[in-house]
Amino acid sequence: MNTPQLDATSWVAPSAQLFGAVALGPGVSVWHNAVLRAECQEIRIGRMTNIQDFAMVHVGFDEPTRIGEFCSITHHTTVHGCVIGDHCLIGIGAVVMDGAVIGDGSIVAGGAFVTEGSVFPPGSIIAGLPAKVIRERDSARANRLNAWIYHRNMEFSRRGDNRAWDGPEFQAWRESKRREIETDRDL
């Protein structure tokens with residue numbers, strides 16, 4: 001694979017840029033000014049994950065980048081040659097470097113710097129420079145809700161409506177989705 005492979009249900013904003021061996025799973029959204037570049041290894045992004053505005057996803061020379069399902073890679077993050085498990089949130093401005101592994105249901109706090117080769121178990125809350133576990137809590141359900149909210153935003157944006165998160169209908173939808181996630185058996 002030398003060119004991006006996009007699932008038919010994924011969405012890429014017009015200003016996002018994808019180069020090389022990039023594979024987007026079902027329901028993935030790549031937002032404005034994000035860059036995904038895979039010249040020597042591959043980038044694989046699991047279903048329902050969102051790559052938000054100005055994020056940079058790149059590969060290492062020897063390390064592919066793998067991002068699981070129902071993840072949020074937030075604004076101005078750098079994800080580089082690492083593995084992000086399912087149901088994770090990588091906070092605004094965080095950096096995750098080559099060979100790092102973020103376990104399922106984890107949160108990397110905004111501004112954190114995850115050094116090369118760092119491995120964090122599932123359910124970690126990771127913060128600092130360099131990043132370390134500051135607490136343990138399975139955040140999979142909360143992170144999954146965040147990914148669903150971005151999926152809704154994608155569906156609205158696809159049809160030209162940029163107000164997916166506004167009004168009582170959204171509040172009712174979010175509460176219904178939260179209840180649904182609380183009983184999801186695949187978490």
# chains A, B, ... in the order shown; residues from 1 in each chain; ligands from 1
>>> select_by_dssp(residues="region 5-184 of chain A", states="strand (DSSP E or B)", output="number ranges by chain")
A: 5-6, 11-12, 17-24, 29-30, 35-45, 50-51, 56-58, 65-67, 72-73, 78-80, 83-84, 89-90, 95-96, 101-102, 107-108, 113-114, 119-120, 124-128, 131-136
>>> residues_around(residues="region 21-28 of chain A", least_positions_apart="2", cutoff="10 Å", atoms="only C-alpha atoms", output="ChimeraX atom specification")
/A:1-12,18-19,30-31,36-51,57-59,64-71,147-148,150-152,154-155
>>> select_by_dssp(residues="region 12-144 of chain A", states="alpha helix (DSSP H)", output="list in words")
Ala140, Arg141, Ala142, Asn143 and Arg144 of chain A
>>> write_last_selection(atoms="N, CA, C and O atoms", output="mmCIF file, in the first residue's frame")
data_model
loop_
_atom_site.group_PDB
_atom_site.id
_atom_site.type_symbol
_atom_site.label_atom_id
_atom_site.label_comp_id
_atom_site.auth_asym_id
_atom_site.auth_seq_id
_atom_site.Cartn_x
_atom_site.Cartn_y
_atom_site.Cartn_z
ATOM 1 N N ALA A 140 -12.328 4.020 29.350
ATOM 2 C CA ALA A 140 -12.809 3.538 28.055
ATOM 3 C C ALA A 140 -14.200 4.065 27.723
ATOM 4 O O ALA A 140 -14.448 4.514 26.597
ATOM 5 N N ARG A 141 -15.127 4.035 28.664
ATOM 6 C CA ARG A 141 -16.492 4.467 28.367
ATOM 7 C C ARG A 141 -16.554 5.972 28.091
ATOM 8 O O ARG A 141 -17.204 6.399 27.136
ATOM 9 N N ALA A 142 -15.879 6.758 28.884
ATOM 10 C CA ALA A 142 -15.857 8.213 28.651
ATOM 11 C C ALA A 142 -15.184 8.534 27.320
ATOM 12 O O ALA A 142 -15.655 9.393 26.566
ATOM 13 N N ASN A 143 -14.096 7.842 27.023
ATOM 14 C CA ASN A 143 -13.392 8.081 25.765
ATOM 15 C C ASN A 143 -14.231 7.630 24.569
ATOM 16 O O ASN A 143 -14.207 8.249 23.509
ATOM 17 N N ARG A 144 -14.990 6.551 24.751
ATOM 18 C CA ARG A 144 -15.867 6.074 23.681
ATOM 19 C C ARG A 144 -16.964 7.106 23.399
ATOM 20 O O ARG A 144 -17.299 7.365 22.243
#
>>> closest_residue(among="A:Gly110, A:Gly91, A:Gly103, A:Gly160", to="Arg137 (chain A)", atoms="only C-alpha atoms")
A:Gly103
>>> residues_around(residues="Ala13 (chain A)", least_positions_apart="6", cutoff="10 Å", atoms="only C-alpha atoms", output="PDB file with C-alpha atoms, in the first residue's frame")
ATOM      1  CA  SER A  29     -12.708  11.249  10.823  1.00  0.00           C
ATOM      2  CA  VAL A  30      -9.627  13.337  10.023  1.00  0.00           C
ATOM      3  CA  TRP A  31     -10.204  17.007  10.746  1.00  0.00           C
ATOM      4  CA  HIS A  32      -8.943  20.299   9.365  1.00  0.00           C
ATOM      5  CA  ASN A  33      -5.208  20.734   8.848  1.00  0.00           C
ATOM      6  CA  ALA A  34      -4.314  17.322  10.277  1.00  0.00           C
ATOM      7  CA  GLN A  52      -8.599  16.386  15.270  1.00  0.00           C
ATOM      8  CA  ASP A  53      -7.474  19.716  13.845  1.00  0.00           C
ATOM      9  CA  MET A 154     -18.489  14.181  11.192  1.00  0.00           C
ATOM     10  CA  SER A 157     -20.164  18.185   8.662  1.00  0.00           C
ATOM     11  CA  ARG A 158     -20.564  15.758   5.763  1.00  0.00           C
TER      12      ARG A 158
END
>>> atom_distance(atom1="CA of Val83 (chain A)", atom2="CA of Ile149 (chain A)")
23.0 Å
>>> residues_around(residues="Ser118 (chain A)", least_positions_apart="2", cutoff="8 Å", atoms="only C-alpha atoms", output="PyMOL selection string")
chain A and resi 99-101+114-116+120
>>> closest_residue(among="A:Val119, A:Val79, A:Leu145, A:Phe61", to="Asp184 (chain A)", atoms="only C-alpha atoms")
A:Leu145
>>> atom_distance(atom1="CA of Ser106 (chain A)", atom2="CA of Ile84 (chain A)")
8.9 Å
